[in-house]
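Source file work.cif; content: mmCIF, C-alpha atoms and all ligand atoms.
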```cif
data_target
loop_
_atom_site.label_atom_id
_atom_site.label_comp_id
_atom_site.auth_asym_id
_atom_site.auth_seq_id
_atom_site.Cartn_x
_atom_site.Cartn_y
_atom_site.Cartn_z
CA MET Y 11 110.31 46.93 46.08
CA ARG Y 12 107.82 44.85 48.02
CA ILE Y 13 108.88 41.76 49.96
CA ILE Y 14 106.68 39.13 51.62
CA SER Y 15 107.21 35.83 53.39
CA GLY Y 16 105.54 33.62 55.97
CA ILE Y 17 106.17 30.63 58.20
CA GLN Y 18 103.66 28.07 59.43
CA PRO Y 19 102.99 28.04 63.18
CA SER Y 20 103.07 24.27 63.24
CA GLY Y 21 105.62 23.58 65.97
CA ASN Y 22 109.01 24.71 67.10
CA ILE Y 23 110.93 26.99 64.81
CA THR Y 24 114.12 25.17 63.87
CA LEU Y 25 117.65 26.22 63.05
CA GLY Y 26 116.67 25.41 59.44
CA ASN Y 27 113.82 27.95 59.50
CA TYR Y 28 116.15 30.45 61.09
CA LEU Y 29 119.08 30.09 58.67
CA GLY Y 30 116.94 29.47 55.57
CA ALA Y 31 114.37 32.17 56.24
CA VAL Y 32 114.23 34.41 59.33
CA LYS Y 33 117.91 35.42 59.38
CA ASN Y 34 117.52 36.58 55.78
CA PHE Y 35 114.40 38.59 56.59
CA VAL Y 36 116.44 40.37 59.24
CA LYS Y 37 119.21 41.12 56.75
CA LEU Y 38 116.80 42.24 54.02
CA GLN Y 39 114.88 44.68 56.24
CA ASP Y 40 117.75 47.16 55.96
CA LYS Y 41 117.75 47.26 52.16
CA GLU Y 42 117.19 50.77 50.94
CA ASP Y 43 114.82 50.23 48.04
CA ILE Y 44 112.07 48.55 50.08
CA THR Y 45 108.63 50.14 50.02
CA ASP Y 46 106.81 47.40 51.95
CA PHE Y 47 108.09 44.37 53.81
CA LEU Y 48 105.48 41.99 55.21
CA VAL Y 49 106.12 38.89 57.29
CA PHE Y 50 103.20 36.82 58.50
CA VAL Y 51 102.24 33.79 60.53
CA ALA Y 52 100.73 31.31 58.05
CA ASP Y 53 98.06 29.87 60.35
CA LEU Y 54 95.63 29.09 57.52
CA HIS Y 55 98.35 26.92 56.04
CA ALA Y 56 98.89 25.10 59.31
CA ILE Y 57 95.35 23.65 59.30
CA THR Y 58 96.00 21.66 56.13
CA VAL Y 59 96.98 18.95 58.62
CA PRO Y 60 95.21 18.33 61.96
CA GLN Y 61 96.07 20.83 64.72
CA ASP Y 62 95.24 20.93 68.40
CA LYS Y 63 93.42 24.21 69.17
CA ALA Y 64 95.45 25.20 72.25
CA GLU Y 65 98.75 24.21 70.61
CA LEU Y 66 97.95 26.21 67.50
CA ARG Y 67 97.19 29.36 69.52
CA LYS Y 68 100.39 28.88 71.48
CA ASN Y 69 102.45 28.36 68.34
CA ILE Y 70 101.05 31.47 66.66
CA LYS Y 71 102.05 33.68 69.56
CA SER Y 72 105.38 31.94 69.89
CA LEU Y 73 106.23 32.52 66.23
CA VAL Y 74 105.49 36.24 66.55
CA SER Y 75 107.85 36.44 69.55
CA ILE Y 76 110.47 34.53 67.58
CA TYR Y 77 110.22 36.97 64.67
CA LEU Y 78 110.79 39.90 67.02
CA ALA Y 79 113.44 38.15 69.11
CA CYS Y 80 115.43 37.32 65.96
CA GLY Y 81 115.55 41.02 65.17
CA LEU Y 82 112.65 41.89 62.89
CA ASN Y 83 111.92 45.55 63.47
CA PRO Y 84 108.18 46.39 63.31
CA GLU Y 85 109.05 49.87 62.07
CA LYS Y 86 110.49 48.29 58.96
CA VAL Y 87 108.52 45.06 58.69
CA LYS Y 88 104.79 44.66 59.17
CA ILE Y 89 104.10 41.46 61.10
CA PHE Y 90 100.61 39.97 60.99
CA ILE Y 91 98.59 36.78 61.33
CA GLN Y 92 97.28 35.45 58.01
CA SER Y 93 93.77 34.55 59.26
CA GLU Y 94 93.29 38.15 60.47
CA VAL Y 95 93.39 39.31 56.85
CA PRO Y 96 90.37 37.61 55.23
CA ALA Y 97 91.48 38.56 51.72
CA HIS Y 98 94.03 35.72 51.85
CA ALA Y 99 91.29 33.11 51.95
CA GLN Y 100 89.33 35.04 49.30
CA ILE Y 101 92.14 35.28 46.77
CA GLY Y 102 93.04 31.69 47.62
CA TRP Y 103 89.65 30.64 46.25
CA VAL Y 104 90.06 32.71 43.09
CA LEU Y 105 93.45 31.12 42.43
CA GLN Y 106 92.13 27.63 43.13
CA CYS Y 107 89.67 28.27 40.31
CA ASN Y 108 92.56 29.20 38.02
CA GLY Y 109 94.87 26.36 39.02
CA TYR Y 110 94.78 22.85 37.60
CA ILE Y 111 94.49 19.71 39.70
CA GLY Y 112 97.34 18.16 37.71
CA GLU Y 113 99.82 20.92 38.52
CA LEU Y 114 98.92 20.80 42.21
CA GLU Y 115 99.25 17.01 42.29
CA ARG Y 116 102.80 17.40 40.98
CA MET Y 117 103.98 19.43 43.99
CA THR Y 118 106.59 17.37 45.81
CA GLN Y 119 105.66 18.73 49.24
CA TYR Y 120 102.09 17.55 48.69
CA LYS Y 121 103.29 14.11 47.62
CA ASP Y 122 105.53 13.83 50.70
CA LYS Y 123 102.95 15.06 53.19
CA LYS Y 124 100.26 12.89 51.63
CA GLU Y 125 102.39 9.83 52.26
CA ARG Y 126 102.85 10.74 55.91
CA GLN Y 127 99.16 11.55 56.56
CA VAL Y 128 97.45 8.62 58.24
CA ALA Y 129 94.09 10.13 59.21
CA GLY Y 130 93.00 11.17 55.69
CA VAL Y 131 94.43 13.74 53.30
CA SER Y 132 92.59 17.08 53.39
CA VAL Y 133 91.63 18.91 50.19
CA GLY Y 134 93.57 21.85 51.66
CA LEU Y 135 96.79 19.89 51.55
CA LEU Y 136 96.40 19.70 47.77
CA THR Y 137 95.26 23.28 47.19
CA TYR Y 138 97.67 24.86 49.70
CA PRO Y 139 100.07 26.21 47.01
CA SER Y 140 97.25 28.27 45.50
CA LEU Y 141 96.66 29.85 48.92
CA MET Y 142 100.39 30.51 49.14
CA ALA Y 143 100.34 32.09 45.69
CA GLY Y 144 97.50 34.30 46.92
CA ASP Y 145 99.55 35.38 49.96
CA ILE Y 146 102.16 36.71 47.59
CA LEU Y 147 100.11 38.08 44.67
CA LEU Y 148 97.74 39.96 46.98
CA TYR Y 149 100.56 42.36 47.83
CA ASP Y 150 102.18 42.66 44.39
CA ALA Y 151 105.36 41.36 46.02
CA ASP Y 152 108.46 41.54 43.83
CA MET Y 153 110.61 39.34 46.02
CA VAL Y 154 109.86 36.32 48.22
CA PRO Y 155 112.64 35.09 50.52
CA THR Y 156 112.29 31.40 51.46
CA GLY Y 157 114.27 28.21 51.84
CA LEU Y 158 114.83 25.82 48.94
CA ASP Y 159 111.80 23.64 49.76
CA GLN Y 160 109.46 26.44 48.63
CA LYS Y 161 111.03 26.87 45.19
CA GLN Y 162 108.45 24.74 43.43
CA HIS Y 163 105.58 26.62 45.10
CA LEU Y 164 107.11 29.91 44.00
CA GLU Y 165 107.35 28.67 40.43
CA LEU Y 166 103.68 27.74 40.56
CA THR Y 167 102.94 31.24 41.91
CA ARG Y 168 104.65 32.73 38.88
CA ASP Y 169 102.69 30.45 36.53
CA LEU Y 170 99.39 31.37 38.19
CA ALA Y 171 100.21 35.09 38.01
CA GLU Y 172 101.09 34.89 34.32
CA ARG Y 173 98.04 32.77 33.52
CA PHE Y 174 95.74 35.23 35.29
CA ASN Y 175 97.38 38.24 33.60
CA ASN Y 176 96.92 36.60 30.19
CA LYS Y 177 93.31 35.76 30.85
CA TYR Y 178 92.10 38.95 32.57
CA GLY Y 179 94.71 41.59 31.65
CA GLU Y 180 97.71 42.84 33.66
CA THR Y 181 96.77 42.30 37.31
CA PHE Y 182 99.62 40.71 39.20
CA VAL Y 183 103.33 41.36 39.61
CA VAL Y 184 105.20 38.16 38.77
CA PRO Y 185 107.39 37.62 41.86
CA THR Y 186 111.05 36.60 41.99
CA PRO Y 187 112.08 33.93 44.51
CA PHE Y 188 114.94 34.85 46.81
CA ILE Y 189 116.64 31.65 47.94
CA PRO Y 190 119.90 32.15 49.82
CA GLU Y 191 123.05 30.54 48.42
CA ALA Y 192 123.99 29.08 51.78
CA GLY Y 193 121.54 27.80 54.36
CA ALA Y 194 118.60 27.27 52.01
CA LYS Y 195 118.46 23.62 53.01
CA ILE Y 196 119.76 22.76 56.46
CA MET Y 197 119.74 18.99 56.90
CA SER Y 198 118.66 16.70 59.72
CA LEU Y 199 121.32 16.05 62.36
CA THR Y 200 120.51 12.35 62.52
CA GLU Y 201 119.88 11.67 58.82
CA PRO Y 202 121.85 14.37 56.98
CA THR Y 203 120.43 13.44 53.59
CA LYS Y 204 116.97 14.60 54.79
CA LYS Y 205 115.83 18.19 55.39
CA MET Y 206 115.81 19.40 59.00
CA SER Y 207 112.12 19.59 59.79
CA LYS Y 208 110.16 20.70 62.83
CA SER Y 209 107.76 17.82 62.32
CA ASP Y 210 110.49 15.17 62.53
CA PRO Y 211 109.41 12.53 65.08
CA ASN Y 212 112.99 12.34 66.38
CA PRO Y 213 113.81 15.55 68.32
CA LYS Y 214 117.54 14.84 67.95
CA ALA Y 215 117.15 15.47 64.21
CA TYR Y 216 116.46 19.18 64.62
CA ILE Y 217 117.45 22.11 66.77
CA SER Y 218 114.57 24.19 68.00
CA LEU Y 219 115.37 27.84 68.70
CA LEU Y 220 113.67 27.24 72.04
CA ASP Y 221 115.63 24.12 73.06
CA ASP Y 222 117.66 24.33 76.26
CA ILE Y 223 121.14 25.61 75.35
CA ASN Y 224 122.84 22.49 76.72
CA VAL Y 225 120.49 20.29 74.72
CA ILE Y 226 121.39 22.27 71.59
CA LYS Y 227 125.08 21.69 72.18
CA LYS Y 228 124.53 18.00 72.84
CA LYS Y 229 122.49 17.57 69.67
CA ILE Y 230 125.28 19.09 67.58
CA LYS Y 231 127.98 17.06 69.28
CA SER Y 232 126.07 13.85 68.57
CA ALA Y 233 125.22 14.80 64.97
CA VAL Y 234 125.74 11.92 62.54
CA THR Y 235 128.93 12.32 60.48
CA ASP Y 236 131.25 9.74 58.86
CA SER Y 237 134.44 7.87 59.64
CA ASP Y 238 136.69 9.58 57.13
CA GLY Y 239 138.08 12.08 59.62
CA THR Y 240 138.61 15.11 57.34
CA ILE Y 241 136.62 18.32 57.56
CA LYS Y 242 135.67 18.90 53.97
CA TYR Y 243 132.53 19.98 52.12
CA ASP Y 244 131.33 17.00 50.09
CA ILE Y 245 127.55 16.69 49.98
CA ASP Y 246 127.53 13.22 48.41
CA ASN Y 247 130.11 11.47 50.55
CA LYS Y 248 130.10 13.59 53.70
CA PRO Y 249 126.57 14.99 54.13
CA GLY Y 250 126.84 15.32 57.93
CA ILE Y 251 130.10 17.28 57.96
CA SER Y 252 128.91 19.36 54.98
CA ASN Y 253 125.77 20.28 56.90
CA LEU Y 254 127.75 21.35 59.97
CA LEU Y 255 130.08 23.40 57.74
CA THR Y 256 127.06 25.11 56.19
CA ILE Y 257 125.62 25.90 59.62
CA LEU Y 258 128.92 27.32 60.87
CA SER Y 259 129.42 29.26 57.65
CA CYS Y 260 125.98 30.91 57.87
CA ILE Y 261 126.36 31.81 61.52
CA THR Y 262 129.90 33.17 61.37
CA ASN Y 263 129.60 34.69 57.87
CA THR Y 264 132.74 32.80 56.88
CA SER Y 265 133.06 31.01 53.55
CA ILE Y 266 133.15 27.20 53.54
CA LYS Y 267 136.59 27.39 51.91
CA ASP Y 268 137.97 29.43 54.80
CA LEU Y 269 136.43 27.04 57.30
CA GLU Y 270 137.95 24.02 55.53
CA ALA Y 271 141.34 25.71 55.75
CA LYS Y 272 140.86 26.58 59.41
CA TYR Y 273 139.93 23.00 60.36
CA LYS Y 274 142.43 21.29 58.06
CA ASP Y 275 144.24 19.65 60.95
CA SER Y 276 141.37 19.41 63.44
CA ASN Y 277 139.42 16.36 64.47
CA TYR Y 278 135.62 16.04 64.45
CA ALA Y 279 135.31 16.57 68.21
CA THR Y 280 137.05 19.97 68.11
CA PHE Y 281 135.10 21.01 65.04
CA LYS Y 282 131.77 19.97 66.53
CA GLU Y 283 132.62 21.79 69.75
CA ASP Y 284 133.11 25.01 67.75
CA VAL Y 285 129.89 24.53 65.80
CA ALA Y 286 128.00 23.81 69.04
CA ASN Y 287 129.36 26.98 70.67
CA ALA Y 288 128.66 29.13 67.62
CA VAL Y 289 125.05 27.92 67.43
CA ALA Y 290 124.57 28.32 71.19
CA ASN Y 291 125.96 31.87 71.12
CA GLU Y 292 123.66 32.79 68.24
CA ILE Y 293 120.56 31.37 69.91
CA MET Y 294 121.14 32.50 73.51
CA PRO Y 295 120.33 36.19 72.98
CA ILE Y 296 117.31 35.21 70.87
CA GLN Y 297 115.96 33.15 73.78
CA GLU Y 298 116.52 35.99 76.24
CA LYS Y 299 114.56 38.40 74.04
CA TYR Y 300 111.90 35.77 73.42
CA ASN Y 301 111.32 35.29 77.14
CA GLU Y 302 110.96 39.03 77.66
CA LEU Y 303 108.46 39.33 74.84
CA ILE Y 304 106.28 36.24 75.00
CA ASN Y 305 103.89 37.55 77.66
CA SER Y 306 104.09 41.24 76.82
CA LYS Y 307 101.37 43.51 75.48
CA TYR Y 308 103.84 44.63 72.83
CA LEU Y 309 103.02 41.55 70.75
CA ASP Y 310 99.41 42.68 70.41
CA GLU Y 311 100.45 46.20 69.49
CA VAL Y 312 102.68 44.89 66.73
CA LEU Y 313 100.00 42.49 65.48
CA ASP Y 314 97.20 45.09 65.50
CA GLN Y 315 99.31 47.46 63.45
CA GLY Y 316 100.35 44.70 61.05
CA ARG Y 317 96.77 43.46 60.64
CA ASP Y 318 95.41 46.93 59.85
CA TYR Y 319 98.10 47.71 57.32
CA ALA Y 320 97.88 44.32 55.61
CA ASN Y 321 94.08 44.55 55.40
CA TYR Y 322 94.34 47.98 53.82
CA LEU Y 323 96.72 46.76 51.08
CA ALA Y 324 94.97 43.43 50.58
CA ASN Y 325 91.42 44.75 50.28
CA LYS Y 326 92.43 47.35 47.73
CA LYS Y 327 93.98 44.62 45.60
CA LEU Y 328 91.12 42.18 46.10
CA ASN Y 329 88.64 44.77 44.74
CA LYS Y 330 90.74 45.12 41.61
CA ILE Y 331 90.87 41.36 41.17
CA TYR Y 332 87.10 40.94 41.62
CA ASN Y 333 86.52 43.71 39.08
CA LYS Y 334 88.79 42.06 36.53
CA ILE Y 335 86.85 38.81 36.85
CA GLY Y 336 83.41 40.43 36.96
CA LEU Y 337 82.45 39.28 40.45
CA GLY Y 338 79.67 41.10 42.32
CA ARG Y 339 78.84 44.70 41.41
CA LYS Y 340 81.45 47.12 40.12
CA ARG Y 341 83.32 48.76 43.00
P1 LIG D 401 107.83 26.09 57.22
O1 LIG D 401 108.38 25.63 58.52
O2 LIG D 401 107.58 24.96 56.29
O3 LIG D 401 106.68 27.03 57.36
O4 LIG D 401 109.01 26.92 56.55
C1 LIG D 401 109.26 28.28 56.83
C2 LIG D 401 110.47 28.79 56.08
O5 LIG D 401 111.65 28.10 56.50
C3 LIG D 401 110.39 28.57 54.55
O6 LIG D 401 110.98 29.68 53.92
C4 LIG D 401 111.20 27.33 54.34
O7 LIG D 401 111.73 27.25 53.06
C5 LIG D 401 112.29 27.50 55.38
N1 LIG D 401 112.85 26.19 55.82
C6 LIG D 401 112.17 25.18 56.38
N2 LIG D 401 112.98 24.13 56.66
C7 LIG D 401 114.23 24.53 56.26
C8 LIG D 401 115.53 23.90 56.30
N3 LIG D 401 115.71 22.67 56.78
N4 LIG D 401 116.58 24.60 55.80
C9 LIG D 401 116.42 25.85 55.30
N5 LIG D 401 115.23 26.49 55.25
C10 LIG D 401 114.15 25.85 55.72
N1 LIG D 402 104.34 27.48 52.47
C1 LIG D 402 105.40 28.09 53.23
C2 LIG D 402 106.12 27.00 54.05
O1 LIG D 402 105.57 26.01 54.41
C3 LIG D 402 104.88 29.16 54.14
C4 LIG D 402 104.22 30.23 53.35
C5 LIG D 402 102.88 30.40 53.19
C6 LIG D 402 104.85 31.26 52.58
N2 LIG D 402 102.62 31.47 52.41
C7 LIG D 402 103.80 32.01 52.01
C8 LIG D 402 106.16 31.59 52.33
C9 LIG D 402 104.05 33.11 51.16
C10 LIG D 402 106.42 32.70 51.49
C11 LIG D 402 105.36 33.44 50.93
O2 LIG D 402 107.28 27.19 54.33
#
```
Can you dump the structure from the file as structure tokens?
Amino acid sequence: MRIISGIQPSGNITLGNYLGAVKNFVKLQDKEDITDFLVFVADLHAITVPQDKAELRKNIKSLVSIYLACGLNPEKVKIFIQSEVPAHAQIGWVLQCNGYIGELERMTQYKDKKERQVAGVSVGLLTYPSLMAGDILLYDADMVPTGLDQKQHLELTRDLAERFNNKYGETFVVPTPFIPEAGAKIMSLTEPTKKMSKSDPNPKAYISLLDDINVIKKKIKSAVTDSDGTIKYDIDNKPGISNLLTILSCITNTSIKDLEAKYKDSNYATFKEDVANAVANEIMPIQEKYNELINSKYLDEVLDQGRDYANYLANKKLNKIYNKIGLGRKR
């Protein structure tokens, strides 16, 4: 089985990215039936909205350190930077030419981001899901682990794969999304009906894996809840408490039911204290590792190896795709 996923280097990696994505990559890397597992830094995706050059470079390197600090093992997972494998941009173009404007305009992430974009909406913001489909189809990935917000893009990927296969003959594996049952949508700490997002203008809304540990605890302790006083999972009426229960459940590998029983007679302050400590204890060792790695040569070694391997797989596939379409001379 082949697995692939990526994260955009567009700011601080949040607890949402960690619980919805990276923690699952770390779990999946030990599965026995894996032939290839690729995790990349989606820098080409990041430029769909304006980026500062120095910030972007910093964020790319930081994300690679985060991957490693969270426990991705380069012997099991190839880590690479998307723009260092040109075939991503090349297949992205091919898929743009097989996608329809209407289906791209229907993507909810596009509609949301378009609303928030003040300085003009780039064409890339619209066509981004076809690039993402390319990231996946280029490697014949069977499984794609992501958070819930990518579900629609993964469905489009499947549609594009099937459409291409029907038009040009069997070419692509149609991938299966892998969206975790718990943690697929961690919510904002200040507005728990909204997704926790690294681009939230209010830093209290999200926890960055690189926040100071005391700041992390404070953010959890001041998370918006309700005045009902019971610790129960109820998304509609108690979104804040439900979110904290989800976070604690993912980190401690305890079911929500067991947590509800444990905190049956507790008040919010005690409960929040426990969540804050659990999150802090999970993140502390990640930060220590991160600090050791961020300026080491090891990052380049990992990235060189990942780049070479990804290019090898991707170019082989790209040749096949070009041949199916009739581009260039037969190779
Ligand atoms: P992005 O930051 O948009 O590049 O997302 C990287 C990965 O993190 C994707 O798999 C997302 O689905 C996942 N993700 C982002 N935000 C959240 C969140 N609030 N809860 C769970 N997963 C998330
Ligand atoms: N679009 C994804 C996000 O914003 C990141 C991404 C790009 C991705 N290419 C991918 C995820 C391929 C999985 C597979 O979260």
- Query: Between Y:Lys177, Y:Lys231, Y:Lys299, Y:His163, which one has atoms that come closest to Y:Ala79, using only C-alpha atoms?
  - Reply: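 Looking only at the distances to Y:Ala79, the closest residue turns out to be Y:Lys299.
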So for stretch 227-230 of chain Y, what box centre and size do we get, axis-aligned, 8 Å extra on each of the six sides, every listed atom, Å to one decimal, as JSON?
```
{"center_x": 123.9, "center_y": 19.6, "center_z": 70.2, "size_x": 18.8, "size_y": 20.1, "size_z": 21.3}
```
- Item | Neighbourhood of ligand LIG 402 (chain D) at 9 Å, counting only C-alpha atoms and all ligand atoms, reported as number ranges by chain | Y: 14-18, 27, 31, 49-56, 92, 119, 138-139, 141-146, 154-157, 159-160, 163-164
- Fewer than 2 positions away in the same chain doesn't count, so skip those; otherwise give me all residues within 12 Å of stretch 58-64 of chain Y, counting only C-alpha atoms, as a PyMOL selection string. chain Y and resi 18-21+52-56+66-71+120+123-124+126-139+141+209
- Just give me the gap between atom CA of Y:Tyr278 and atom N2 of ligand LIG 401 (chain D) in Å, one decimal is fine.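 Atom-to-atom, atom CA of Y:Tyr278 and atom N2 of ligand LIG 401 (chain D) are spaced 25.3 Å apart.
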- State, in Å with one decimal place, the distance from atom CA of Y:Leu114 to atom CA of Y:Leu166. 8.6 Å
- Query: Near Y:Asp221, within 12 Å and counting only C-alpha atoms, which residues show up once chain neighbours fewer than 5 positions away are dropped, as a ChimeraX atom specification?
  - Reply: /Y:22-25,213-214,216,226-229,289-290,293-294,296-297
- Counting all atoms listed in the file, the residue of Y:Asp210, Y:Asp246, Y:Glu302, Y:Asp236 that sits nearest ligand LIG 401 (chain D): Y:Asp210
- Query: What lies within 10 Å of Y:Asp318 using all atoms listed in the file, ignoring chain neighbours under 3 positions off, as an MDAnalysis selection string?
  - Reply: chainID Y and resid 88 90 94:95 313:315 321:324
- Could you give me, as a list of chain:residue names, the residues within 12 Å of Y:Lys37, counting all atoms listed in the file and dropping anything in the same chain fewer than 3 positions from it?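 Using all atoms listed in the file, the neighbours found are Y:Tyr28, Y:Leu29, Y:Gly30, Y:Ala31, Y:Val32, Y:Lys33, Y:Asn34, Y:Asp40, Y:Lys41, Y:Glu42, Y:Phe47, Y:Cys80, Y:Gly81, Y:Leu82, Y:Asn83, Y:Lys86, Y:Val87, Y:Pro155, Y:Pro190.
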- Message: Counting all atoms listed in the file, which residue out of Y:Ser237, Y:Asn263, Y:Gln162, Y:Asn329 sits closest to ligand LIG 401 (chain D)?
- Response: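 Between Y:Ser237, Y:Asn263, Y:Gln162, Y:Asn329, the residue approaching ligand LIG 401 (chain D) most closely is Y:Gln162.
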- Would you please work out which residue, of Y:His98, Y:Arg173, Y:Arg116, Y:Lys195, is nearest to ligand LIG 401 (chain D) when using all atoms listed in the file?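 Looking only at the distances to ligand LIG 401 (chain D), the closest residue turns out to be Y:Lys195.
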Your completed stretch 30-44 of chain Y with N, CA and C atoms, as a compact mmCIF listing (two decimals), keeping the file's coordinate frame:
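The result, written out as result24.txt:
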```txt
# COMPACT_ATOMS: atom_id res chain seq x y z
N GLY Y 30 117.49 29.43 56.94
CA GLY Y 30 116.94 29.47 55.57
C GLY Y 30 116.00 30.64 55.36
N ALA Y 31 115.39 31.13 56.43
CA ALA Y 31 114.37 32.17 56.24
C ALA Y 31 114.57 33.38 57.16
N VAL Y 32 114.32 33.23 58.45
CA VAL Y 32 114.23 34.41 59.33
C VAL Y 32 115.50 35.27 59.33
N LYS Y 33 116.67 34.63 59.36
CA LYS Y 33 117.91 35.42 59.38
C LYS Y 33 118.02 36.30 58.12
N ASN Y 34 117.50 35.77 57.01
CA ASN Y 34 117.52 36.58 55.78
C ASN Y 34 116.51 37.72 55.81
N PHE Y 35 115.37 37.48 56.46
CA PHE Y 35 114.40 38.59 56.59
C PHE Y 35 115.08 39.73 57.34
N VAL Y 36 115.80 39.35 58.41
CA VAL Y 36 116.44 40.37 59.24
C VAL Y 36 117.48 41.14 58.43
N LYS Y 37 118.22 40.43 57.60
CA LYS Y 37 119.21 41.12 56.75
C LYS Y 37 118.51 42.03 55.73
N LEU Y 38 117.45 41.51 55.11
CA LEU Y 38 116.80 42.24 54.02
C LEU Y 38 116.09 43.51 54.50
N GLN Y 39 115.68 43.53 55.78
CA GLN Y 39 114.88 44.68 56.24
C GLN Y 39 115.65 46.01 56.15
N ASP Y 40 116.97 45.92 56.03
CA ASP Y 40 117.75 47.16 55.96
C ASP Y 40 118.05 47.60 54.53
N LYS Y 41 117.55 46.85 53.56
CA LYS Y 41 117.75 47.26 52.16
C LYS Y 41 117.07 48.60 51.91
N GLU Y 42 117.71 49.41 51.08
CA GLU Y 42 117.19 50.77 50.94
C GLU Y 42 115.97 50.90 50.03
N ASP Y 43 115.88 50.03 49.03
CA ASP Y 43 114.82 50.23 48.04
C ASP Y 43 113.51 49.52 48.41
N ILE Y 44 113.30 49.25 49.68
CA ILE Y 44 112.07 48.55 50.08
C ILE Y 44 110.95 49.55 50.34
```
